[in-house]
Each structure stands twice: as structure tokens, then as C-alpha cells.
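A short worksheet on the structure shown next.
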There are 2 protein chains.
Amino acid sequence: MRTIDWDIKKNCIVMIDQTLLPREYKVIECSTIDCLCEAIIKLRVRGAPALGAAGGFGVALAAHESKASTLDGMMKDIEATGQTIISTRPTAVNLSWGVKRVLNAVEDARNIKEARLFALDEAKAIADEDVEKNKELGEYGAMLLENGDTVMTHCNAGRLACVDWGTALGVIRSARAQGKDIKVISCETRPLNQGSRITTWELMQDKIPVTLITDSMSGHVMRMGMVDKVIVGADRITQDAVFNKIGTYTHSVVAKEHDIPFYVAAPVSTFDFERMEDEIEIELRKSEELKFFGSHQIAPLDVEVYNPAFDATPMENVSAIITENGVFYPPFLLEEVKIKI
Amino acid sequence: MRTIDWDIKKNCIVMIDQTLLPREYKVIECSTIDCLCEAIIKLRVRGAPALGAAGGFGVALAAHESKASTLDGMMKDIEATGQTIISTRPTAVNLSWGVKRVLNAVEDARNIKEARLFALDEAKAIADEDVEKNKELGEYGAMLLENGDTVMTHCNAGRLACVDWGTALGVIRSARAQGKDIKVISCETRPLNQGSRITTWELMQDKIPVTLITDSMSGHVMRMGMVDKVIVGADRITQDAVFNKIGTYTHSVVAKEHDIPFYVAAPVSTFDFERMEDEIEIELRKSEELKFFGSHQIAPLDVEVYNPAFDATPMENVSAIITENGVFYPPFLLEEVKIKI
């Protein structure tokens, strides 16, 4: 199944619970906004494009849930709920993009029934378009990979970060579909280990060779000549920087040191053209993520922890940005990205 | 108590079991070489200088254990046992240094009783000298730190990596003893989390302010201006490179990118003058370290893992090396390091 979808019979959101991977593959149902928000906060669903779909389906669920007897009342309900959903992960631009897109679509509705229908149709369209865009993005990105390449990646910009196919891992899937022999090095991605838990799992499902390393090994494996290219996803791209999972910036610096191309694979919806890096709030997550592994204590309980979820990689460290509209090189003229090349 | 010592009543090695920290403070007794080797392999005792003492006490224990009836027989026993001890951690030069130093001391013995005595005296001398040297090293290093500095460190080059006081953390202890306000950022140090488990614990015991981060955050915290200096320890220093815990090289590259001084604090015994980087074997550790956290599975069981224990940082990334003989700057004329300045 897709990473996140709508169950037409039960009228609820269904998703793969990514916190249980790789030990357990479990599909959970969210029939309330509380359930969805909990799932987003706990990272049961995560990854920029998947969050776009989660935001869209969230508004559809809000429209379905609303007890309002007038269209105006419903609009107020779903707008408030949209804000609640957006606030769960403030740095993730796709989440608010998905929410706003579905809210816009509902504006044309003439009654409550139409509003519910329009919301669900738009949310489904976001999901379908995501898969389509990732495949287009994958085709463009695959042109950058050569037969025999080893690609290092961080976190999970795979099909589980999207609705399907993936962005960074979608590029690798597309290159393999073209018959190229591509190997992957996956950084484990502390503190939540999306790399070791999810990226390795989904690549192994597809029989794509993958080697797991700790995040700190990136410089060493590059120095040893084990990496040909780096491809990562993005949570938000401003005029001057790429926001992605914490650790991305460090990898970009060591890649530059070793003249290894550093590619960002992200749909156009990730671009936040109007903003600069210093306008973006970086989400600070709980200290427990560094103090515990499951129930296993790994640090003094009262130690001070700094735990930003993302970092910013300045554009000068980015070799190219791969989108569904084509591959863009520096200097990035971001207004061009919106037009299919 | 010291990190590792000899119990004169029980005639055995005693050590703090560092794998249980920070949850439990437990002292274990090793009255057999098997117990010592298991403790070294499992990192119950770790850190270059502590391993020097462990090697020395190991030979003393071997002399005590030997059932040989002649001095020649005993010498053969302890030489063979020395090799067994050295082979537990091939990259750690101090371990073999400690073993060889005690083996040499025993050579002057005229009988079995003297051999046991000489071995234990020499092992104790290694431990005492280590504490003394660390305090000298700390005094030299403290001159490089200014009041108000925040120092980033990796792994644990603290008192628990030594017999007492510490190398990298010894410099910080000495600077604080001089009345300087020094704060520490500790990288958690995957995969075995010596940073989160041990460095934070020992600094908090001494009321030195410490903030815990993931290893991959090093670039980000430097870019945010949160780091004034980096100080790490070393497991082996060849003519051209510093071998230290995996991840050190990556930190050195991001430090260089941000013009942040990158200091290595290590006793002269860590220097392996005759060798070059490419002659050194880097210990590859078990894949389980990246697949499990305690009993908690965090990666597919059959995923391929690359898990080197150390990496090499080329000398051009090192701003200075702090030893008990003084602070040395590039170009490092390593023959000068052996002479006290």
C-alpha cells in the first residue's frame, strides 16, 4: 500500500506506522484529528511529501468530522483544524502547503456535502500527483547517476517519506529501473534512526544493495573513496538554504571537502521562495530522544540536550537541486524552478 | 577510585565498568586474563591511556597467574599472554605499549618472585605516571582556552579514558581549576555512545556545564557560532595522521570550514613515530553495534553494516597537539615531541 491513503469504506486516514519498522509492519487507521496529530508528532508518518498528503487528508478528515450545520460553520471548523495540524511540525512547509491547498479547494463548495467531496478529491489529487511527480523527479535525477555509483543518503527521503516511490531514493529507484547498478550508503540518522530503521528496510524490500553507517562516518567513507555522490531530500528550500534533517549540513561540508557532488531531491512544493534562512524557525525536539533508546537509558537523566530537528545547508554547498520540473544548477534562479524545463 | 587499579589484597585488577554508566556505578574485579580481555573487548575499560594501564596490569596479572616453575617458563607465559592482550584491540597503540613496557621491566628479574614484583611495580608506575602526565598535559592545554570558551569534544577522553584526570577533558578540568569559565558540548559518539554515557556523566560529577548533541550536529552548532574550540583525544598518532574514535575526521573538516581550532590532547605514549597512516589497521567492529541498542532492534537484522572503530584525521586538519611535554604546532616535527619543552 501507499505510505498514507484514505480508506473509502471506513472514511478514515490509513498509514504505515513508521515508528515500528523494521521490527513490525503495521497499518494504522486515524478517524480523528487527534489521532492524526499524534501520528505526525510521533513521526508515525514523516517526510516532507508524505506530510503534504497528511495535511491534505487531515482537512478532508476535518470536513468529514465537522458537526457544523452550515457551510460557514464547517469552513470555520476546518480552518481551525488546519491550523492545529500545521502547528504539529512548524518547519515542514509541505504540511501547511497540503492543508492550505485543500482549504482553497473547498472554497468553491456550495454546500456541506460538496465541501466534503471537494476536500477529499483534492487530498487524493495531492497524493496521486506526489507519486507522479516523484517518478518525473526520479527520471531527471537518474541522469546524474552513472552505472556503478555508490550514493550516500541521510535520513529517509524514500517512498516512506512520500506517498510512494520517493525523492532521493526515487532517483536511485529510477536509475536502477534504467538498468544502472547503484549501491547505497545509508547514514543511520540520529536521534530517531530513520536511516537505519526505514531507509535500509525499504531499499532491502526492493533488493537495492545498502550499507548502514553511523552519521559521523560520512567524512571517513568519503575520504576512503567509497562515495561517488550524495543525495538527500529537503523539508524546506528558501532562497539561500536547504532545510533538511539535522546532520545534512555536516555531510554537505565533508562532500565539498572531497569534491563529491551533493544533490538535493525535492518536489517544487518544498520551495519557499519568499523566505530567507533566518526567517525560518527550526523545530527543537525533546531531550528524551538523546537520553533514551526505547526504554534504554543512554545519558544522565538531567543532562542538558540540544536537539534541533533540522539544519540549514547554504546553497553554495549544493551541487544541484532535482525536481519534477528538471535539474537546477547554481546559481539557483529559484523563479525558474516553477516552470517545467 | 581510579578508572583501573590493582587490588593489593585480592591480587586482581579492579576497574569501573563503563558499559553500565550512567545508569549504574559498579566496580568489577578481574582475577583472570580472560576476564581482562573480555573487559577490553566489551569496552568496560576503554580510552587510550587507560588501555596502557590495562596492558601493564594485564602482564602483572599474567605473572601472578603463571604456573611456570622456572623464570624462563614464566617469561614465555607472560609474553604469550601479552600478545593475547594486545590482539584484543589492534589499533590502540597504548595497549601494546603498556604490555611491552612491563614485559621489558620483567627482563631484569632474577627469579619468579622478582618477576612478579617488577611487573606489578612497573604497571603501577604506568598508572601513576599517567595521572601525573595528564595533569601536566592539562596545564599546557589550559593555556589555549580562554575564559568563556565553549569546547566541543567527541567520545570520552576524560578521566574514565585514563587512569584519572583525563586528556581532552583534563585540559578542561585544568582550565576550570585556573578559574576559567568553560562550557562543553559533548557529541554522543555513535555507535557506543561514550559521549552521552560517559563524558556527560563525568563532567556532571564535577559540575562542569555540558550540553549533549548528536554527532551529526557538529557542523550545525559550529555554523551557529556555539563552538569556540574542539578538543579530542587520540588512540594513535602517526607521522601523518591522528587516529581517534570514528567521527573525529568529520568534526575536523567542519571545524576547518568554520576556522575553529581543532586540538588533539594525547600523551607522548600515543605517538607512533615510525609509522604512516597507511600502515595502520583500523579495527572493524561487529555490525550488531548499529543494529541494536541494548536489546532494542533499530535496523533490519540482515542489513550490511560498515563499522570501523576509528578514523584518521590528516595532520593538516590539526591546529595543535597538546602533550605532557608541551603544545606542538604544525608543521609537526614529531621528533621534538619526545623532549620536554
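Identifiers in the C-alpha cells: chain A, B, ... in order shown; residue index from 1 per chain; ligand index from 1 in order shown.
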
(message) I'd like the contact shell of stretch 83-98 of chain A - 9 Å cut-off, only C-alpha atoms, skipping same-chain residues fewer than 5 positions apart - returned as a ChimeraX atom specification.
(response) /A:33,36-38,40-41,47-59,78,103,123,126,235-237,243,269-272,280-283,309-310

Write the residues of the selection above to a file with N, CA, C and O atoms, as a short mmCIF file (atom, residue, chain, number, x, y, z; two decimals), in the first residue's frame.
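In the end it all went to again.cif:
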```
data_model
loop_
_atom_site.label_atom_id
_atom_site.label_comp_id
_atom_site.auth_asym_id
_atom_site.auth_seq_id
_atom_site.Cartn_x
_atom_site.Cartn_y
_atom_site.Cartn_z
N ILE A 33 -8.85 13.79 14.25
CA ILE A 33 -7.73 14.70 14.05
C ILE A 33 -6.68 14.51 15.15
O ILE A 33 -5.47 14.60 14.90
N LEU A 36 -4.47 11.82 14.08
CA LEU A 36 -3.56 12.25 13.02
C LEU A 36 -2.43 13.11 13.59
O LEU A 36 -1.26 12.92 13.25
N CYS A 37 -2.78 14.06 14.45
CA CYS A 37 -1.77 14.95 15.03
C CYS A 37 -0.76 14.15 15.85
O CYS A 37 0.46 14.38 15.77
N GLU A 38 -1.25 13.20 16.61
CA GLU A 38 -0.35 12.34 17.39
C GLU A 38 0.59 11.59 16.45
O GLU A 38 1.79 11.48 16.70
N ILE A 40 1.59 12.49 13.49
CA ILE A 40 2.57 13.41 12.89
C ILE A 40 3.66 13.74 13.92
O ILE A 40 4.85 13.69 13.63
N ILE A 41 3.23 14.07 15.15
CA ILE A 41 4.20 14.44 16.19
C ILE A 41 5.14 13.27 16.52
O ILE A 41 6.35 13.46 16.66
N GLY A 47 8.42 12.85 6.68
CA GLY A 47 8.92 13.07 5.33
C GLY A 47 8.08 14.16 4.70
O GLY A 47 6.85 14.14 4.79
N ALA A 48 8.77 15.11 4.06
CA ALA A 48 8.08 16.30 3.56
C ALA A 48 6.88 15.97 2.66
O ALA A 48 5.76 16.42 2.94
N PRO A 49 7.05 15.17 1.59
CA PRO A 49 5.90 14.96 0.70
C PRO A 49 4.76 14.18 1.38
O PRO A 49 3.58 14.49 1.17
N ALA A 50 5.11 13.20 2.21
CA ALA A 50 4.06 12.46 2.92
C ALA A 50 3.28 13.38 3.85
O ALA A 50 2.07 13.23 4.02
N LEU A 51 3.98 14.36 4.43
CA LEU A 51 3.31 15.32 5.30
C LEU A 51 2.37 16.22 4.49
O LEU A 51 1.34 16.65 5.00
N GLY A 52 2.72 16.49 3.23
CA GLY A 52 1.81 17.24 2.35
C GLY A 52 0.49 16.48 2.22
O GLY A 52 -0.60 17.06 2.38
N ALA A 53 0.59 15.19 1.95
CA ALA A 53 -0.61 14.36 1.83
C ALA A 53 -1.34 14.26 3.17
O ALA A 53 -2.57 14.31 3.23
N ALA A 54 -0.56 14.16 4.26
CA ALA A 54 -1.17 14.08 5.59
C ALA A 54 -1.97 15.35 5.89
O ALA A 54 -3.08 15.29 6.44
N GLY A 55 -1.40 16.50 5.52
CA GLY A 55 -2.10 17.76 5.71
C GLY A 55 -3.40 17.80 4.91
O GLY A 55 -4.46 18.20 5.41
N GLY A 56 -3.32 17.36 3.64
CA GLY A 56 -4.49 17.34 2.76
C GLY A 56 -5.57 16.40 3.30
O GLY A 56 -6.74 16.79 3.45
N PHE A 57 -5.17 15.17 3.60
CA PHE A 57 -6.15 14.21 4.13
C PHE A 57 -6.68 14.67 5.49
O PHE A 57 -7.82 14.38 5.85
N GLY A 58 -5.85 15.39 6.22
CA GLY A 58 -6.29 15.91 7.52
C GLY A 58 -7.46 16.86 7.37
O GLY A 58 -8.44 16.79 8.13
N VAL A 59 -7.38 17.77 6.38
CA VAL A 59 -8.50 18.70 6.14
C VAL A 59 -9.74 17.92 5.66
O VAL A 59 -10.87 18.21 6.08
N ILE A 78 -12.91 23.69 9.71
CA ILE A 78 -11.76 23.07 9.03
C ILE A 78 -10.56 24.03 8.96
O ILE A 78 -9.42 23.60 8.96
N LEU A 103 -7.82 23.44 1.76
CA LEU A 103 -8.70 24.53 2.22
C LEU A 103 -9.14 25.41 1.04
O LEU A 103 -10.32 25.77 0.93
N ALA A 123 -7.41 16.18 -1.66
CA ALA A 123 -6.40 15.45 -0.89
C ALA A 123 -5.88 14.25 -1.70
O ALA A 123 -4.67 13.99 -1.76
N ILE A 126 -3.53 15.41 -4.34
CA ILE A 126 -2.19 15.67 -3.81
C ILE A 126 -1.39 14.36 -3.77
O ILE A 126 -0.24 14.31 -4.21
N ASP A 235 13.21 19.47 3.53
CA ASP A 235 11.95 19.79 4.17
C ASP A 235 11.46 21.18 3.78
O ASP A 235 10.27 21.46 3.82
N ARG A 236 12.39 22.04 3.42
CA ARG A 236 12.03 23.39 3.01
C ARG A 236 13.24 23.99 2.30
O ARG A 236 14.36 23.84 2.77
N ILE A 237 13.01 24.64 1.17
CA ILE A 237 14.11 25.28 0.45
C ILE A 237 13.81 26.77 0.35
O ILE A 237 12.85 27.17 -0.31
N PHE A 243 16.72 23.37 4.06
CA PHE A 243 16.43 22.82 5.39
C PHE A 243 16.15 21.34 5.24
O PHE A 243 15.28 20.94 4.46
N SER A 269 6.98 21.81 -4.48
CA SER A 269 6.19 22.24 -3.31
C SER A 269 7.06 22.50 -2.08
O SER A 269 6.62 23.16 -1.15
N THR A 270 8.28 22.01 -2.10
CA THR A 270 9.19 22.20 -0.97
C THR A 270 9.80 23.61 -0.96
O THR A 270 10.34 24.06 0.03
N PHE A 271 9.74 24.29 -2.13
CA PHE A 271 10.36 25.61 -2.25
C PHE A 271 9.53 26.66 -1.53
O PHE A 271 8.31 26.72 -1.69
N ASP A 272 10.22 27.48 -0.77
CA ASP A 272 9.58 28.56 -0.03
C ASP A 272 10.27 29.84 -0.49
O ASP A 272 11.11 30.41 0.19
N ILE A 280 13.23 31.33 9.16
CA ILE A 280 12.64 30.01 9.42
C ILE A 280 12.95 29.55 10.84
O ILE A 280 14.11 29.57 11.27
N GLU A 281 11.92 29.12 11.52
CA GLU A 281 12.07 28.58 12.87
C GLU A 281 12.47 27.11 12.76
O GLU A 281 11.82 26.34 12.05
N ILE A 282 13.55 26.74 13.44
CA ILE A 282 13.94 25.32 13.44
C ILE A 282 13.32 24.66 14.67
O ILE A 282 13.51 25.11 15.80
N GLU A 283 12.57 23.59 14.40
CA GLU A 283 11.88 22.85 15.47
C GLU A 283 12.89 22.24 16.44
O GLU A 283 13.81 21.53 16.02
N ALA A 309 15.64 19.57 15.06
CA ALA A 309 15.22 18.52 14.12
C ALA A 309 15.86 18.70 12.75
O ALA A 309 16.03 17.74 12.00
N PHE A 310 16.21 19.94 12.42
CA PHE A 310 16.71 20.25 11.08
C PHE A 310 17.95 21.11 11.18
O PHE A 310 18.22 21.73 12.21
#
```

Would you give me, as a JSON list (two decimals) with C-alpha atoms, in the first residue's frame, the residues of chain A that come within 7 Å of chain B, using only C-alpha atoms?
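Ended up saving to out-v8.json:
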```
[["chain", "number", "residue", "atom", "x", "y", "z"],
["A", 22, "PRO", "CA", 11.83, -2.57, 10.78],
["A", 190, "ARG", "CA", 20.35, 10.15, 14.85],
["A", 191, "PRO", "CA", 18.50, 10.66, 17.02],
["A", 196, "SER", "CA", 18.77, 2.53, 9.95],
["A", 197, "ARG", "CA", 15.10, 1.81, 10.59],
["A", 201, "TRP", "CA", 14.27, -1.50, 5.22],
["A", 210, "VAL", "CA", 22.63, -0.84, 1.02],
["A", 211, "THR", "CA", 25.31, -0.46, 3.69],
["A", 212, "LEU", "CA", 24.49, 1.14, 7.02],
["A", 213, "ILE", "CA", 26.94, 3.56, 8.72],
["A", 214, "THR", "CA", 26.77, 5.97, 11.65],
["A", 215, "ASP", "CA", 26.29, 9.63, 10.70],
["A", 216, "SER", "CA", 29.77, 10.56, 11.88],
["A", 217, "MET", "CA", 31.38, 8.15, 9.39],
["A", 218, "SER", "CA", 30.38, 10.27, 6.38],
["A", 219, "GLY", "CA", 33.72, 12.06, 6.22],
["A", 220, "HIS", "CA", 35.66, 8.82, 6.65],
["A", 246, "ILE", "CA", 19.82, 17.54, 11.22],
["A", 247, "GLY", "CA", 23.21, 16.33, 10.00],
["A", 249, "TYR", "CA", 24.81, 20.38, 6.68],
["A", 250, "THR", "CA", 27.75, 18.43, 8.11],
["A", 253, "VAL", "CA", 30.71, 20.24, 4.18],
["A", 254, "VAL", "CA", 32.58, 16.92, 4.02],
["A", 293, "PHE", "CA", 16.58, 4.41, 23.07],
["A", 294, "GLY", "CA", 13.19, 2.84, 23.52],
["A", 296, "HIS", "CA", 17.04, 2.01, 27.35],
["A", 298, "ILE", "CA", 21.85, 6.20, 27.39],
["A", 299, "ALA", "CA", 22.59, 9.53, 29.12],
["A", 300, "PRO", "CA", 22.22, 11.06, 32.58],
["A", 303, "VAL", "CA", 21.83, 16.28, 31.24],
["A", 304, "GLU", "CA", 21.20, 19.36, 29.10],
["A", 305, "VAL", "CA", 20.42, 18.44, 25.49],
["A", 306, "TYR", "CA", 20.30, 20.48, 22.27],
["A", 307, "ASN", "CA", 18.08, 18.67, 19.78],
["A", 311, "ASP", "CA", 19.69, 22.22, 9.94]]
```

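With distances taken over only C-alpha atoms, B:Arg110 is the one residue among B:Arg46, B:Val184, B:Arg110, B:Val99 lying closest to B:Asp72.
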
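The gap separating atom CA of B:Ala234 from atom CA of B:Leu160 is 14.2 Å, in Å to one decimal.
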
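Of the listed residues A:Asp149, A:Glu132, A:Asp181, A:Glu65, the one whose atoms come nearest to A:Trp165 is A:Glu132, with distances taken using only C-alpha atoms.
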
(request) Extract the full set of strand (DSSP E) residues from stretch 2-192 of chain A according to DSSP on the backbone, and format it as a ChimeraX atom specification. (result) /A:4-7,12-16,27-30,150-153,183-187

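Minimum atom-to-atom distance to B:Met75, evaluated using only C-alpha atoms, belongs to B:Arg116 out of B:Arg101, B:Arg116, B:Arg275, B:Arg176.
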
If you run DSSP on this backbone, which residues of stretch 29-144 of chain B come out as alpha helix (DSSP H), and could you give them as a PDB file with C-alpha atoms, in the first residue's frame?
```pdb
ATOM      1  CA  ILE B  33      43.320 -12.789  31.767  1.00  0.00           C
ATOM      2  CA  ASP B  34      40.073 -13.990  30.134  1.00  0.00           C
ATOM      3  CA  CYS B  35      38.134 -11.575  32.333  1.00  0.00           C
ATOM      4  CA  LEU B  36      40.509  -8.722  31.400  1.00  0.00           C
ATOM      5  CA  CYS B  37      40.337  -9.480  27.661  1.00  0.00           C
ATOM      6  CA  GLU B  38      36.549  -9.645  27.795  1.00  0.00           C
ATOM      7  CA  ALA B  39      36.514  -6.285  29.633  1.00  0.00           C
ATOM      8  CA  ILE B  40      38.751  -4.705  26.966  1.00  0.00           C
ATOM      9  CA  ILE B  41      36.751  -6.144  24.045  1.00  0.00           C
ATOM     10  CA  ALA B  48      43.996   5.040  25.055  1.00  0.00           C
ATOM     11  CA  PRO B  49      45.763   5.838  28.364  1.00  0.00           C
ATOM     12  CA  ALA B  50      43.508   3.539  30.428  1.00  0.00           C
ATOM     13  CA  LEU B  51      44.316   0.763  27.970  1.00  0.00           C
ATOM     14  CA  GLY B  52      48.016   1.423  28.566  1.00  0.00           C
ATOM     15  CA  ALA B  53      47.447   0.751  32.264  1.00  0.00           C
ATOM     16  CA  ALA B  54      45.215  -2.221  31.424  1.00  0.00           C
ATOM     17  CA  GLY B  55      48.002  -3.717  29.305  1.00  0.00           C
ATOM     18  CA  GLY B  56      50.515  -3.159  32.097  1.00  0.00           C
ATOM     19  CA  PHE B  57      48.307  -4.588  34.832  1.00  0.00           C
ATOM     20  CA  GLY B  58      47.456  -7.432  32.441  1.00  0.00           C
ATOM     21  CA  VAL B  59      51.099  -8.536  32.296  1.00  0.00           C
ATOM     22  CA  ALA B  60      51.317  -8.216  36.095  1.00  0.00           C
ATOM     23  CA  LEU B  61      48.239 -10.427  36.356  1.00  0.00           C
ATOM     24  CA  ALA B  62      49.742 -12.910  33.872  1.00  0.00           C
ATOM     25  CA  ALA B  63      52.909 -13.079  36.018  1.00  0.00           C
ATOM     26  CA  HIS B  64      50.757 -13.648  39.082  1.00  0.00           C
ATOM     27  CA  GLU B  65      48.687 -16.326  37.284  1.00  0.00           C
ATOM     28  CA  LEU B  71      61.801 -17.960  35.208  1.00  0.00           C
ATOM     29  CA  ASP B  72      62.170 -18.942  31.542  1.00  0.00           C
ATOM     30  CA  GLY B  73      58.818 -20.686  31.632  1.00  0.00           C
ATOM     31  CA  MET B  74      57.180 -17.687  33.212  1.00  0.00           C
ATOM     32  CA  MET B  75      58.715 -15.319  30.656  1.00  0.00           C
ATOM     33  CA  LYS B  76      57.251 -17.465  27.865  1.00  0.00           C
ATOM     34  CA  ASP B  77      53.851 -17.454  29.610  1.00  0.00           C
ATOM     35  CA  ILE B  78      53.671 -13.701  30.064  1.00  0.00           C
ATOM     36  CA  GLU B  79      54.972 -12.950  26.562  1.00  0.00           C
ATOM     37  CA  ALA B  80      52.261 -15.154  25.062  1.00  0.00           C
ATOM     38  CA  THR B  81      49.632 -13.597  27.317  1.00  0.00           C
ATOM     39  CA  GLY B  82      50.888 -10.143  26.362  1.00  0.00           C
ATOM     40  CA  GLN B  83      50.224 -10.968  22.703  1.00  0.00           C
ATOM     41  CA  THR B  84      46.726 -12.171  23.589  1.00  0.00           C
ATOM     42  CA  ILE B  85      46.011  -8.897  25.378  1.00  0.00           C
ATOM     43  CA  ILE B  86      47.402  -6.777  22.515  1.00  0.00           C
ATOM     44  CA  VAL B  93      48.874   1.660  20.447  1.00  0.00           C
ATOM     45  CA  ASN B  94      48.858   2.306  24.209  1.00  0.00           C
ATOM     46  CA  LEU B  95      47.645  -1.186  24.947  1.00  0.00           C
ATOM     47  CA  SER B  96      50.691  -2.788  23.323  1.00  0.00           C
ATOM     48  CA  TRP B  97      52.890  -0.010  24.741  1.00  0.00           C
ATOM     49  CA  GLY B  98      51.730  -0.888  28.289  1.00  0.00           C
ATOM     50  CA  VAL B  99      52.213  -4.618  27.698  1.00  0.00           C
ATOM     51  CA  LYS B 100      55.692  -4.159  26.224  1.00  0.00           C
ATOM     52  CA  ARG B 101      56.849  -1.742  28.904  1.00  0.00           C
ATOM     53  CA  VAL B 102      56.018  -4.202  31.674  1.00  0.00           C
ATOM     54  CA  LEU B 103      57.487  -7.123  29.715  1.00  0.00           C
ATOM     55  CA  ASN B 104      60.729  -5.136  29.388  1.00  0.00           C
ATOM     56  CA  ALA B 105      60.787  -4.362  33.117  1.00  0.00           C
ATOM     57  CA  VAL B 106      60.497  -8.043  33.938  1.00  0.00           C
ATOM     58  CA  ILE B 112      59.936 -15.735  39.600  1.00  0.00           C
ATOM     59  CA  LYS B 113      59.246 -13.726  42.736  1.00  0.00           C
ATOM     60  CA  GLU B 114      61.184 -10.754  41.406  1.00  0.00           C
ATOM     61  CA  ALA B 115      59.450 -11.050  38.044  1.00  0.00           C
ATOM     62  CA  ARG B 116      56.041 -10.749  39.728  1.00  0.00           C
ATOM     63  CA  LEU B 117      57.252  -7.818  41.815  1.00  0.00           C
ATOM     64  CA  PHE B 118      58.869  -5.979  38.889  1.00  0.00           C
ATOM     65  CA  ALA B 119      55.769  -6.485  36.735  1.00  0.00           C
ATOM     66  CA  LEU B 120      53.413  -5.064  39.335  1.00  0.00           C
ATOM     67  CA  ASP B 121      55.722  -2.161  40.205  1.00  0.00           C
ATOM     68  CA  GLU B 122      56.043  -1.219  36.543  1.00  0.00           C
ATOM     69  CA  ALA B 123      52.282  -1.473  35.945  1.00  0.00           C
ATOM     70  CA  LYS B 124      51.634   0.751  38.966  1.00  0.00           C
ATOM     71  CA  ALA B 125      54.250   3.184  37.682  1.00  0.00           C
ATOM     72  CA  ILE B 126      52.406   3.387  34.356  1.00  0.00           C
ATOM     73  CA  ALA B 127      49.192   4.243  36.210  1.00  0.00           C
ATOM     74  CA  ASP B 128      50.844   6.843  38.485  1.00  0.00           C
ATOM     75  CA  GLU B 129      52.737   8.439  35.625  1.00  0.00           C
ATOM     76  CA  ASP B 130      49.528   8.613  33.585  1.00  0.00           C
ATOM     77  CA  VAL B 131      47.835  10.741  36.234  1.00  0.00           C
ATOM     78  CA  GLU B 132      50.905  12.938  36.569  1.00  0.00           C
ATOM     79  CA  LYS B 133      51.276  13.342  32.790  1.00  0.00           C
ATOM     80  CA  ASN B 134      47.597  14.195  32.348  1.00  0.00           C
ATOM     81  CA  LYS B 135      47.906  16.972  34.894  1.00  0.00           C
ATOM     82  CA  GLU B 136      50.964  18.347  33.080  1.00  0.00           C
ATOM     83  CA  LEU B 137      49.147  17.996  29.742  1.00  0.00           C
ATOM     84  CA  GLY B 138      46.128  19.722  31.269  1.00  0.00           C
ATOM     85  CA  GLU B 139      48.242  22.682  32.396  1.00  0.00           C
ATOM     86  CA  TYR B 140      49.704  23.146  28.898  1.00  0.00           C
ATOM     87  CA  GLY B 141      46.309  22.736  27.208  1.00  0.00           C
ATOM     88  CA  ALA B 142      44.563  25.113  29.591  1.00  0.00           C
TER      89      ALA B 142
END
```
